[in-house]
file target08.txt (compact mmCIF, C-alpha atoms)
# COMPACT_ATOMS: atom_id res chain seq x y z
CA MET Q 1 12.83 -64.51 211.30
CA ASP Q 2 10.46 -67.41 210.93
CA VAL Q 3 10.38 -70.61 208.96
CA GLY Q 4 7.27 -69.67 206.98
CA GLN Q 5 8.98 -66.56 205.65
CA LEU Q 6 12.05 -68.63 204.79
CA LEU Q 7 9.95 -71.17 202.91
CA ALA Q 8 8.23 -68.34 201.04
CA ILE Q 9 11.62 -66.98 199.98
CA ILE Q 10 12.78 -70.39 198.76
CA ILE Q 11 9.62 -71.23 196.78
CA GLY Q 12 9.45 -67.66 195.52
CA ALA Q 13 13.02 -67.63 194.20
CA ILE Q 14 12.81 -71.07 192.57
CA PHE Q 15 9.32 -71.04 191.06
CA VAL Q 16 7.21 -67.90 191.41
CA SER Q 17 9.77 -65.29 190.42
CA ASN Q 18 12.21 -67.64 188.71
CA PHE Q 19 15.32 -65.67 187.80
CA VAL Q 20 15.27 -66.65 184.15
CA LEU Q 21 11.63 -67.12 183.27
CA ALA Q 22 10.02 -64.39 185.36
CA ARG Q 23 12.76 -61.86 186.10
CA PHE Q 24 14.69 -62.13 182.81
CA LEU Q 25 18.07 -62.42 184.49
CA GLY Q 26 20.92 -64.56 183.17
CA LEU Q 27 19.49 -64.99 179.69
CA CYS Q 28 22.86 -65.11 177.93
CA PRO Q 29 24.04 -68.32 179.62
CA PHE Q 30 20.47 -69.63 179.49
CA VAL Q 31 20.57 -69.42 175.70
CA GLY Q 32 24.29 -70.08 175.30
CA VAL Q 33 24.95 -73.08 177.56
CA SER Q 34 21.66 -74.97 177.20
CA LYS Q 35 22.66 -77.09 174.20
CA ASP Q 36 23.29 -80.28 176.21
CA SER Q 37 22.33 -81.26 179.73
CA ASP Q 38 25.87 -82.07 180.96
CA SER Q 39 27.17 -78.58 180.44
CA ALA Q 40 23.87 -77.17 181.70
CA LEU Q 41 24.36 -79.05 184.96
CA GLY Q 42 27.97 -77.83 185.25
CA MET Q 43 26.99 -74.24 184.57
CA GLY Q 44 24.10 -74.54 187.02
CA MET Q 45 26.34 -75.79 189.82
CA ALA Q 46 28.84 -72.99 189.18
CA VAL Q 47 26.04 -70.40 189.25
CA ILE Q 48 24.53 -71.77 192.50
CA PHE Q 49 27.95 -71.62 194.13
CA VAL Q 50 28.84 -68.14 192.90
CA MET Q 51 25.40 -66.69 193.67
CA THR Q 52 25.49 -67.98 197.24
CA MET Q 53 29.03 -66.65 197.72
CA ALA Q 54 28.15 -63.34 196.11
CA SER Q 55 25.12 -62.92 198.38
CA LEU Q 56 27.31 -63.60 201.41
CA VAL Q 57 30.10 -61.25 200.40
CA THR Q 58 27.87 -58.40 199.22
CA TRP Q 59 25.91 -58.60 202.48
CA PHE Q 60 29.12 -57.95 204.41
CA ILE Q 61 30.24 -55.23 202.02
CA TYR Q 62 26.88 -53.48 202.20
CA ASN Q 63 26.43 -53.64 205.96
CA TYR Q 64 30.02 -53.15 207.12
CA VAL Q 65 31.49 -50.89 204.42
CA LEU Q 66 28.86 -49.04 202.44
CA VAL Q 67 26.40 -48.26 205.25
CA PRO Q 68 28.96 -47.05 207.86
CA LEU Q 69 30.67 -44.86 205.25
CA GLU Q 70 27.30 -43.66 203.94
CA ILE Q 71 28.18 -44.45 200.35
CA THR Q 72 25.35 -46.84 199.55
CA TYR Q 73 24.85 -45.05 196.24
CA LEU Q 74 28.14 -46.61 195.11
CA ARG Q 75 26.73 -50.11 195.52
CA THR Q 76 26.76 -50.88 191.79
CA ILE Q 77 30.49 -50.20 191.47
CA ALA Q 78 31.32 -51.94 194.75
CA PHE Q 79 29.25 -55.03 193.98
CA ILE Q 80 30.51 -55.59 190.45
CA LEU Q 81 34.12 -55.27 191.56
CA VAL Q 82 33.58 -57.62 194.48
CA ILE Q 83 31.84 -60.16 192.26
CA ALA Q 84 34.53 -60.02 189.59
CA THR Q 85 37.24 -60.50 192.23
CA LEU Q 86 35.27 -63.28 193.89
CA VAL Q 87 34.89 -65.21 190.66
CA GLN Q 88 38.61 -64.93 189.94
CA PHE Q 89 39.44 -66.01 193.47
CA VAL Q 90 37.06 -68.97 193.41
CA GLU Q 91 38.55 -70.09 190.12
CA MET Q 92 42.09 -69.98 191.55
CA VAL Q 93 41.09 -71.84 194.72
CA ILE Q 94 39.28 -74.57 192.79
CA GLU Q 95 42.20 -74.93 190.40
CA LYS Q 96 44.63 -75.46 193.29
CA THR Q 97 42.50 -77.69 195.48
CA SER Q 98 40.47 -79.83 193.10
CA PRO Q 99 41.60 -80.24 189.49
CA THR Q 100 38.63 -82.53 188.71
CA LEU Q 101 36.12 -79.95 189.87
CA HIS Q 102 38.06 -77.30 187.98
CA LYS Q 103 37.83 -79.34 184.82
CA SER Q 104 34.05 -79.59 185.08
CA LEU Q 105 33.28 -76.10 186.45
CA GLY Q 106 36.35 -74.10 185.40
CA ILE Q 107 35.31 -73.13 181.90
CA TYR Q 108 32.00 -71.74 183.15
CA LEU Q 109 33.41 -69.54 185.88
CA PRO Q 110 34.78 -66.70 183.70
CA LEU Q 111 31.40 -66.55 181.94
CA ILE Q 112 29.72 -65.86 185.25
CA THR Q 113 31.44 -62.51 185.89
CA THR Q 114 29.25 -60.78 183.34
CA ASN Q 115 26.22 -62.88 184.15
CA CYS Q 116 23.57 -60.38 185.12
CA ALA Q 117 21.93 -62.93 187.41
CA VAL Q 118 24.81 -62.67 189.90
CA LEU Q 119 24.80 -58.88 190.15
CA GLY Q 120 21.01 -59.10 189.96
CA VAL Q 121 20.78 -61.32 193.03
CA ALA Q 122 22.97 -58.89 194.98
CA VAL Q 123 20.81 -55.90 194.01
CA VAL Q 124 17.56 -57.76 194.71
CA ASN Q 125 18.93 -58.79 198.12
CA VAL Q 126 19.66 -55.17 198.98
CA ASP Q 127 16.23 -54.03 197.82
CA GLU Q 128 14.33 -56.75 199.66
CA PHE Q 129 16.27 -57.66 202.77
CA MET Q 130 18.57 -54.76 203.66
CA GLY Q 131 17.70 -51.35 204.90
CA VAL Q 132 14.06 -52.38 205.28
CA GLY Q 133 14.07 -52.68 209.05
CA LEU Q 134 14.90 -56.38 209.30
CA ALA Q 135 17.00 -57.55 212.22
CA ARG Q 136 20.60 -58.05 211.19
CA ASN Q 137 20.76 -61.82 211.62
CA ALA Q 138 17.41 -62.31 209.89
CA SER Q 139 18.51 -60.23 206.91
CA PHE Q 140 21.75 -62.25 206.78
CA ILE Q 141 19.99 -65.60 206.68
CA TYR Q 142 17.33 -64.43 204.21
CA THR Q 143 20.05 -63.09 201.93
CA ILE Q 144 22.04 -66.33 201.88
CA VAL Q 145 18.95 -68.49 201.44
CA HIS Q 146 17.66 -66.24 198.67
CA GLY Q 147 21.01 -66.36 196.86
CA PHE Q 148 21.12 -70.14 197.03
CA SER Q 149 17.53 -70.70 195.93
CA ALA Q 150 17.79 -68.16 193.12
CA GLY Q 151 20.74 -70.19 191.83
CA LEU Q 152 18.66 -73.33 192.19
CA GLY Q 153 15.85 -71.74 190.18
CA PHE Q 154 18.31 -70.73 187.46
CA THR Q 155 19.70 -74.28 187.33
CA LEU Q 156 16.21 -75.76 187.15
CA ALA Q 157 15.28 -73.58 184.16
CA LEU Q 158 18.64 -74.25 182.48
CA ILE Q 159 18.42 -78.04 182.83
CA LEU Q 160 14.79 -78.15 181.67
CA MET Q 161 15.72 -76.06 178.65
CA ALA Q 162 18.75 -78.26 177.86
CA ALA Q 163 16.59 -81.39 178.02
CA ILE Q 164 14.07 -79.82 175.64
CA ARG Q 165 16.75 -78.62 173.24
CA GLU Q 166 18.34 -82.07 173.05
CA ARG Q 167 15.02 -83.36 171.74
CA LEU Q 168 14.56 -80.31 169.56
CA ASP Q 169 17.62 -81.37 167.57
CA LEU Q 170 15.58 -84.21 166.07
CA VAL Q 171 12.70 -81.97 165.04
CA ASP Q 172 12.24 -80.37 161.64
CA VAL Q 173 12.35 -76.69 162.63
CA PRO Q 174 12.06 -74.06 159.86
CA LYS Q 175 15.55 -72.97 158.84
CA SER Q 176 15.22 -69.35 159.94
CA MET Q 177 13.89 -70.37 163.38
CA ARG Q 178 16.72 -72.79 164.21
CA GLY Q 179 18.99 -72.08 167.16
CA ILE Q 180 18.23 -69.04 169.28
CA PRO Q 181 14.76 -68.08 167.92
CA ILE Q 182 13.17 -71.46 168.65
CA THR Q 183 14.88 -71.49 172.05
CA PHE Q 184 13.07 -68.27 172.90
CA ILE Q 185 9.72 -69.64 171.75
CA VAL Q 186 10.27 -72.70 173.97
CA ALA Q 187 11.29 -70.40 176.83
CA GLY Q 188 8.04 -68.50 176.31
CA LEU Q 189 6.03 -71.71 176.64
CA MET Q 190 8.02 -72.62 179.76
CA ALA Q 191 7.34 -69.16 181.17
CA ILE Q 192 3.60 -69.70 180.63
CA ALA Q 193 3.89 -72.89 182.68
CA PHE Q 194 5.82 -71.05 185.38
CA LEU Q 195 3.13 -68.33 185.48
CA GLY Q 196 0.96 -71.01 187.05
CA PHE Q 197 3.14 -70.85 190.17
CA SER Q 198 2.29 -67.20 190.73
CA GLY Q 199 -0.95 -68.34 192.36
CA LEU Q 200 1.06 -69.92 195.19
CA LYS Q 201 0.68 -68.08 198.47
CA ILE Q 202 2.92 -69.21 201.29
CA GLY Q 203 3.70 -67.71 204.64
CA MET R 1 32.10 -43.51 154.11
CA SER R 2 33.55 -45.74 156.81
CA ALA R 3 32.32 -43.28 159.45
CA LEU R 4 28.78 -43.65 158.13
CA ARG R 5 29.17 -47.41 158.23
CA GLU R 6 30.22 -47.34 161.91
CA LEU R 7 27.12 -45.29 162.67
CA THR R 8 24.58 -47.41 160.82
CA LYS R 9 25.92 -50.94 161.31
CA GLY R 10 24.19 -51.32 164.68
CA PHE R 11 20.80 -50.72 163.11
CA TYR R 12 20.48 -53.83 161.02
CA LYS R 13 23.71 -55.55 159.99
CA GLU R 14 25.14 -55.88 163.49
CA ASN R 15 22.03 -55.16 165.51
CA PRO R 16 23.12 -56.06 169.05
CA VAL R 17 19.87 -57.70 170.09
CA PHE R 18 18.57 -59.44 166.97
CA ARG R 19 21.81 -60.33 165.22
CA LEU R 20 24.41 -60.65 167.98
CA ALA R 21 22.01 -61.81 170.75
CA LEU R 22 23.59 -59.41 173.26
CA GLY R 23 21.85 -57.39 175.94
CA LEU R 24 18.91 -59.75 175.98
CA CYS R 25 17.99 -59.37 179.64
CA PRO R 26 17.05 -55.66 179.58
CA ALA R 27 15.61 -56.02 176.07
CA LEU R 28 13.05 -58.47 177.40
CA ALA R 29 12.56 -57.22 180.93
CA VAL R 30 11.73 -53.56 180.39
CA SER R 31 10.03 -53.77 177.00
CA THR R 32 6.52 -53.87 178.46
CA SER R 33 5.81 -50.43 176.97
CA VAL R 34 7.38 -48.06 174.46
CA GLN R 35 8.02 -45.48 177.17
CA ASN R 36 10.04 -47.86 179.34
CA ALA R 37 11.87 -49.10 176.26
CA LEU R 38 12.83 -45.56 175.24
CA GLY R 39 14.07 -44.81 178.76
CA MET R 40 16.18 -47.95 178.85
CA GLY R 41 17.51 -47.29 175.34
CA ALA R 42 18.51 -43.74 176.24
CA ALA R 43 20.20 -44.84 179.47
CA ALA R 44 22.13 -47.61 177.76
CA THR R 45 23.13 -45.31 174.87
CA PHE R 46 24.46 -42.72 177.30
CA VAL R 47 26.54 -45.31 179.16
CA LEU R 48 27.76 -46.82 175.90
CA LEU R 49 28.79 -43.43 174.53
CA GLY R 50 30.49 -42.37 177.78
CA SER R 51 32.39 -45.61 178.25
CA ASN R 52 33.43 -45.71 174.59
CA VAL R 53 34.83 -42.16 174.85
CA VAL R 54 36.77 -42.79 178.07
CA ILE R 55 38.05 -46.20 177.02
CA SER R 56 39.18 -45.03 173.59
CA LEU R 57 41.13 -42.23 175.30
CA LEU R 58 42.61 -44.57 177.93
CA GLY R 59 43.12 -47.45 175.52
CA ARG R 60 46.92 -47.17 175.42
CA ILE R 61 47.37 -46.44 179.13
CA ILE R 62 45.44 -49.44 180.50
CA PRO R 63 47.67 -52.52 180.77
CA ALA R 64 46.26 -55.42 178.77
CA LYS R 65 46.13 -57.81 181.73
CA VAL R 66 43.83 -55.72 183.91
CA ARG R 67 41.82 -54.20 181.09
CA ILE R 68 38.50 -55.96 181.90
CA PRO R 69 38.34 -54.72 185.53
CA CYS R 70 39.27 -51.23 184.33
CA PHE R 71 36.52 -51.29 181.70
CA ILE R 72 34.04 -52.45 184.32
CA VAL R 73 34.95 -49.59 186.67
CA VAL R 74 34.50 -47.04 183.88
CA ILE R 75 31.16 -48.53 182.87
CA ALA R 76 29.96 -48.80 186.47
CA SER R 77 30.80 -45.13 187.04
CA PHE R 78 28.63 -44.05 184.11
CA VAL R 79 25.84 -46.37 185.27
CA THR R 80 25.95 -44.77 188.72
CA ILE R 81 25.61 -41.34 187.07
CA VAL R 82 22.54 -42.56 185.18
CA GLU R 83 21.11 -44.13 188.34
CA LEU R 84 21.43 -40.94 190.36
CA VAL R 85 20.25 -38.58 187.60
CA MET R 86 17.26 -40.74 186.73
CA GLY R 87 16.34 -41.19 190.38
CA ALA R 88 16.41 -37.42 190.86
CA PHE R 89 14.64 -36.20 187.72
CA LEU R 90 12.59 -39.15 186.46
CA PRO R 91 11.60 -41.04 189.62
CA GLU R 92 8.68 -42.77 187.92
CA LEU R 93 10.75 -44.17 185.05
CA SER R 94 13.46 -45.07 187.53
CA LYS R 95 10.95 -47.09 189.54
CA SER R 96 9.54 -48.96 186.55
CA LEU R 97 13.01 -49.84 185.21
CA GLY R 98 13.96 -51.00 188.72
CA ILE R 99 17.03 -53.20 189.08
CA PHE R 100 17.69 -53.07 185.36
CA ILE R 101 19.37 -49.67 185.70
CA PRO R 102 22.22 -50.96 187.90
CA LEU R 103 22.28 -54.03 185.69
CA ILE R 104 23.34 -51.93 182.68
CA VAL R 105 26.84 -52.61 184.06
CA VAL R 106 26.64 -56.23 183.01
CA ASN R 107 24.95 -55.52 179.69
CA CYS R 108 27.23 -57.47 177.38
CA ILE R 109 26.83 -54.90 174.58
CA ILE R 110 28.73 -52.24 176.51
CA LEU R 111 31.64 -54.39 177.68
CA GLY R 112 31.66 -56.01 174.26
CA ARG R 113 32.03 -52.68 172.44
CA ALA R 114 34.71 -51.53 174.91
CA GLU R 115 36.71 -54.69 174.35
CA ALA R 116 36.13 -55.19 170.63
CA PHE R 117 36.03 -51.60 169.39
CA ALA R 118 36.75 -48.65 171.69
CA SER R 119 40.03 -49.98 173.09
CA LYS R 120 41.41 -50.42 169.57
CA ASN R 121 40.02 -47.39 167.75
CA GLY R 122 40.31 -43.63 167.97
CA LEU R 123 38.00 -41.23 169.74
CA TRP R 124 35.97 -40.17 166.71
CA LEU R 125 35.15 -43.66 165.46
CA SER R 126 34.41 -44.83 169.02
CA ILE R 127 31.87 -42.04 169.47
CA LEU R 128 30.14 -43.05 166.23
CA ASP R 129 30.27 -46.70 167.22
CA GLY R 130 28.76 -45.94 170.63
CA ILE R 131 25.94 -43.88 169.15
CA GLY R 132 25.30 -46.41 166.39
CA MET R 133 25.18 -49.41 168.70
CA GLY R 134 23.08 -47.46 171.18
CA ILE R 135 20.57 -46.58 168.48
CA GLY R 136 20.52 -50.19 167.30
CA PHE R 137 19.79 -51.38 170.84
CA THR R 138 17.12 -48.71 171.31
CA PHE R 139 15.53 -49.61 167.98
CA ALA R 140 15.35 -53.29 168.97
CA ILE R 141 13.96 -52.69 172.43
CA VAL R 142 11.41 -50.10 171.22
CA LEU R 143 10.25 -52.49 168.49
CA ILE R 144 9.69 -55.24 171.07
CA GLY R 145 8.06 -52.73 173.41
CA ALA R 146 5.70 -51.46 170.70
CA ILE R 147 4.57 -54.97 169.75
CA ARG R 148 3.98 -55.94 173.36
CA GLU R 149 2.22 -52.71 174.28
CA VAL R 150 -0.11 -52.76 171.27
CA LEU R 151 -1.10 -56.41 171.67
CA GLY R 152 -1.01 -56.63 175.44
CA ASP R 153 -2.51 -53.29 176.36
CA GLY R 154 -4.17 -52.03 173.19
CA LYS R 155 -2.16 -48.80 173.44
CA LEU R 156 0.87 -47.21 171.83
CA MET R 157 2.78 -44.60 173.87
CA GLY R 158 -0.31 -44.48 176.11
CA TYR R 159 -2.81 -43.77 173.29
CA MET R 160 -5.55 -46.25 172.41
CA VAL R 161 -4.86 -47.93 169.07
CA PHE R 162 -7.92 -50.09 168.71
CA GLY R 163 -11.53 -49.35 169.49
CA PRO R 164 -13.07 -50.08 172.88
CA GLY R 165 -14.07 -53.57 171.71
CA PHE R 166 -10.43 -54.75 171.72
CA GLN R 167 -9.61 -57.50 174.19
CA PRO R 168 -5.97 -57.05 175.28
CA VAL R 169 -3.82 -60.18 175.02
CA LEU R 170 -2.64 -59.98 178.60
CA ILE R 171 0.04 -62.62 178.14
CA MET R 172 2.00 -60.23 175.87
CA ILE R 173 2.92 -57.87 178.69
CA LEU R 174 3.71 -60.75 181.02
CA ALA R 175 7.00 -62.66 180.86
CA PRO R 176 6.01 -65.28 178.21
CA GLY R 177 5.01 -62.58 175.70
CA ALA R 178 8.53 -61.16 175.78
CA PHE R 179 10.13 -64.51 174.99
CA ILE R 180 7.72 -65.30 172.18
CA THR R 181 7.99 -61.81 170.65
CA ILE R 182 11.77 -61.84 170.52
CA GLY R 183 11.83 -65.42 169.24
CA LEU R 184 9.56 -64.56 166.34
CA LEU R 185 11.40 -61.28 165.61
CA MET R 186 14.77 -63.06 165.51
CA GLY R 187 13.31 -65.67 163.20
CA TRP R 188 11.94 -62.94 160.97
CA PHE R 189 15.31 -61.18 160.83
CA ASN R 190 16.95 -64.49 159.88
CA LEU R 191 14.36 -64.97 157.14
CA LEU R 192 15.07 -61.48 155.75
CA ASP R 193 18.76 -62.24 155.80
CA GLU R 194 18.29 -65.51 153.90
CA ARG R 195 16.12 -63.80 151.29
CA MET R 196 18.69 -61.06 150.76
CA LYS R 197 21.49 -63.58 150.42
CA ARG R 198 19.53 -65.69 147.93
CA ARG R 199 18.68 -62.61 145.87
CA ALA R 200 22.33 -61.53 145.82
CA GLU R 201 23.34 -65.02 144.69
CA GLN R 202 20.78 -65.03 141.90
CA LYS R 203 21.95 -61.64 140.77
CA ALA R 204 25.55 -62.82 140.73
CA ALA R 205 24.57 -65.95 138.82
CA ARG R 206 22.62 -63.92 136.28
CA ALA R 207 25.52 -61.50 135.86
CA ALA R 208 27.85 -64.45 135.29
CA GLY R 209 25.39 -65.91 132.78
CA ASN R 210 25.20 -62.62 130.90
CA ALA R 211 28.96 -62.36 130.78
CA ARG R 212 29.20 -65.85 129.34
CA GLY R 213 26.44 -65.15 126.81
CA GLY R 214 28.11 -61.96 125.63
CA ARG R 215 31.39 -63.62 124.90
call {"tool": "encode", "arguments": {"input": "target08.txt", "output": "structure tokens"}}
result
Amino acid sequence: MDVGQLLAIIIGAIFVSNFVLARFLGLCPFVGVSKDSDSALGMGMAVIFVMTMASLVTWFIYNYVLVPLEITYLRTIAFILVIATLVQFVEMVIEKTSPTLHKSLGIYLPLITTNCAVLGVAVVNVDEFMGVGLARNASFIYTIVHGFSAGLGFTLALILMAAIRERLDLVDVPKSMRGIPITFIVAGLMAIAFLGFSGLKIG
Amino acid sequence: MSALRELTKGFYKENPVFRLALGLCPALAVSTSVQNALGMGAAATFVLLGSNVVISLLGRIIPAKVRIPCFIVVIASFVTIVELVMGAFLPELSKSLGIFIPLIVVNCIILGRAEAFASKNGLWLSILDGIGMGIGFTFAIVLIGAIREVLGDGKLMGYMVFGPGFQPVLIMILAPGAFITIGLLMGWFNLLDERMKRRAEQKAARAAGNARGGR
């Protein structure tokens, strides 16, 4: 484990292979919750939290349950169940401990269960950091950091999109392009901008 | 008649991708070529059909409160079958679809059909619904794939479409091309819809006018 590699993972997850604009993960909330920047921020925070937690939990499940029992081919079933349970659990804990936080994050949490970005981050973690000969503690730290920065990248794209869409409301868009179609065109332009990051080489 | 409607509604009227904006992630991610798009469409259709059959049979047994986790387990089981079969027999396709095969689990189309249709309807209609929605999804993703492959690679199904002088628009097979293609296609579908509605209105108005004139 070295810091250069860690930095490469962070920059990579936020900019170069941004979960929304380069990997096409989490498009439903990206289109659905990007109408105003307040809810975009709330959704983003919820996603960062759940993605980090999901990375942590699926790392333990993979290394201490699936690998010893030699049932790694069941990872899809195991991960989705764990993530669904985790989201429910997090919602209950937040509701009990902090009603204010629940009010701002609560409505977004159920949406996250079927957010492909969360299962996606778990699967990408397995493909990139587990079972590829990394030392156990290195793979643990890489996994957590990747989960967190992938969430950060998602939030960045979501907030940028929300800011653009707030201004788009004042623009005379052709009737048939209003709503989702124009959002996708804007996302395409944003993705072109993000392609510029693919030249970055770190580590 | 209603059976035919269940089968064909996914094609245009309730097309999951263009009309309902569901299943967007795989529709954009693996539509770089027609071949990938067909593979993804077939995999998703199989899972959709399988989960619709099982859920319509179990619909009355599953308690309402835990129905979503149950649906997810059923769907995840079929996805695992697809993952293993594809990995064994079509390793190349499996590699190019990558993480989007396990991610069929969270494809909102499948959970959506389980919740909205299969758990409430009988086996026969659920089968038709699964096939219809699967075909609708495949149609959408192949259409996107064809546009991107022709413009971005100059090929269709691996065959050259244009002469050797054609300069491929590389951006179309990269991420931005997917967003722009689906944005324009959705806009076009909306435009068609508006036209059809306006024509129907005019027809109704004319019919009303005729009726008044005849009196």
call {"tool": "closest_residue", "arguments": {"input": "target08.txt", "among": "R:Ala211, R:Val150, R:Ile182, R:Ile131", "to": "R:Pro168", "atoms": "all atoms listed in the file"}}
result
R:Val150
call {"tool": "interface_residues", "arguments": {"input": "target08.txt", "of": "chain R", "to": "chain Q", "cutoff": "9 Å", "atoms": "only C-alpha atoms", "output": "count of residues only"}}
result
50
call {"tool": "residues_around", "arguments": {"input": "target08.txt", "residues": "stretch 165-168 of chain Q", "least_positions_apart": "4", "cutoff": "7 Å", "atoms": "all atoms listed in the file", "output": "list in words"}}
result
Lys35, Asp36 and Met161 of chain Q
call {"tool": "atom_distance", "arguments": {"input": "target08.txt", "atom1": "atom CA of Q:Thr52", "atom2": "atom CA of Q:Ile10"}}
result
13.0 Å
call {"tool": "atom_distance", "arguments": {"input": "target08.txt", "atom1": "atom CA of R:Ile109", "atom2": "atom CA of Q:Ala46"}}
result
23.3 Å
call {"tool": "build_atoms", "arguments": {"input": "target08.txt", "residues": "stretch 87-104 of chain R", "atoms": "N, CA and C atoms", "output": "PDB file, in the coordinates of the input"}}
result
ATOM      1  N   GLY R  87      17.051 -41.179 189.107  1.00  0.00           N
ATOM      2  CA  GLY R  87      16.340 -41.190 190.380  1.00  0.00           C
ATOM      3  C   GLY R  87      15.906 -39.802 190.799  1.00  0.00           C
ATOM      4  N   ALA R  88      16.720 -38.781 190.444  1.00  0.00           N
ATOM      5  CA  ALA R  88      16.410 -37.420 190.860  1.00  0.00           C
ATOM      6  C   ALA R  88      15.380 -36.759 189.959  1.00  0.00           C
ATOM      7  N   PHE R  89      15.491 -36.963 188.641  1.00  0.00           N
ATOM      8  CA  PHE R  89      14.640 -36.200 187.720  1.00  0.00           C
ATOM      9  C   PHE R  89      13.491 -37.013 187.141  1.00  0.00           C
ATOM     10  N   LEU R  90      13.658 -38.326 187.031  1.00  0.00           N
ATOM     11  CA  LEU R  90      12.590 -39.150 186.460  1.00  0.00           C
ATOM     12  C   LEU R  90      12.265 -40.303 187.413  1.00  0.00           C
ATOM     13  N   PRO R  91      11.784 -39.978 188.613  1.00  0.00           N
ATOM     14  CA  PRO R  91      11.600 -41.040 189.620  1.00  0.00           C
ATOM     15  C   PRO R  91      10.659 -42.137 189.152  1.00  0.00           C
ATOM     16  N   GLU R  92       9.658 -41.776 188.344  1.00  0.00           N
ATOM     17  CA  GLU R  92       8.680 -42.770 187.920  1.00  0.00           C
ATOM     18  C   GLU R  92       9.330 -43.806 186.995  1.00  0.00           C
ATOM     19  N   LEU R  93      10.048 -43.288 185.987  1.00  0.00           N
ATOM     20  CA  LEU R  93      10.750 -44.170 185.050  1.00  0.00           C
ATOM     21  C   LEU R  93      11.755 -45.026 185.812  1.00  0.00           C
ATOM     22  N   SER R  94      12.450 -44.374 186.754  1.00  0.00           N
ATOM     23  CA  SER R  94      13.460 -45.070 187.530  1.00  0.00           C
ATOM     24  C   SER R  94      12.838 -46.235 188.289  1.00  0.00           C
ATOM     25  N   LYS R  95      11.608 -46.024 188.794  1.00  0.00           N
ATOM     26  CA  LYS R  95      10.950 -47.090 189.540  1.00  0.00           C
ATOM     27  C   LYS R  95      10.531 -48.225 188.599  1.00  0.00           C
ATOM     28  N   SER R  96      10.027 -47.872 187.394  1.00  0.00           N
ATOM     29  CA  SER R  96       9.540 -48.960 186.550  1.00  0.00           C
ATOM     30  C   SER R  96      10.697 -49.708 185.883  1.00  0.00           C
ATOM     31  N   LEU R  97      11.864 -49.082 185.740  1.00  0.00           N
ATOM     32  CA  LEU R  97      13.010 -49.840 185.210  1.00  0.00           C
ATOM     33  C   LEU R  97      13.675 -50.673 186.309  1.00  0.00           C
ATOM     34  N   GLY R  98      13.541 -50.210 187.555  1.00  0.00           N
ATOM     35  CA  GLY R  98      13.960 -51.000 188.720  1.00  0.00           C
ATOM     36  C   GLY R  98      15.413 -51.442 188.683  1.00  0.00           C
ATOM     37  N   ILE R  99      15.644 -52.729 188.952  1.00  0.00           N
ATOM     38  CA  ILE R  99      17.030 -53.200 189.080  1.00  0.00           C
ATOM     39  C   ILE R  99      17.731 -53.224 187.726  1.00  0.00           C
ATOM     40  N   PHE R 100      17.015 -52.993 186.648  1.00  0.00           N
ATOM     41  CA  PHE R 100      17.690 -53.070 185.360  1.00  0.00           C
ATOM     42  C   PHE R 100      18.542 -51.843 185.057  1.00  0.00           C
ATOM     43  N   ILE R 101      18.425 -50.788 185.869  1.00  0.00           N
ATOM     44  CA  ILE R 101      19.370 -49.670 185.700  1.00  0.00           C
ATOM     45  C   ILE R 101      20.749 -50.059 186.227  1.00  0.00           C
ATOM     46  N   PRO R 102      20.883 -50.494 187.503  1.00  0.00           N
ATOM     47  CA  PRO R 102      22.220 -50.960 187.900  1.00  0.00           C
ATOM     48  C   PRO R 102      22.738 -52.096 187.023  1.00  0.00           C
ATOM     49  N   LEU R 103      21.833 -52.891 186.486  1.00  0.00           N
ATOM     50  CA  LEU R 103      22.280 -54.030 185.690  1.00  0.00           C
ATOM     51  C   LEU R 103      22.784 -53.646 184.303  1.00  0.00           C
ATOM     52  N   ILE R 104      22.713 -52.346 183.945  1.00  0.00           N
ATOM     53  CA  ILE R 104      23.340 -51.930 182.680  1.00  0.00           C
ATOM     54  C   ILE R 104      24.833 -52.258 182.720  1.00  0.00           C
TER      55      ILE R 104
END
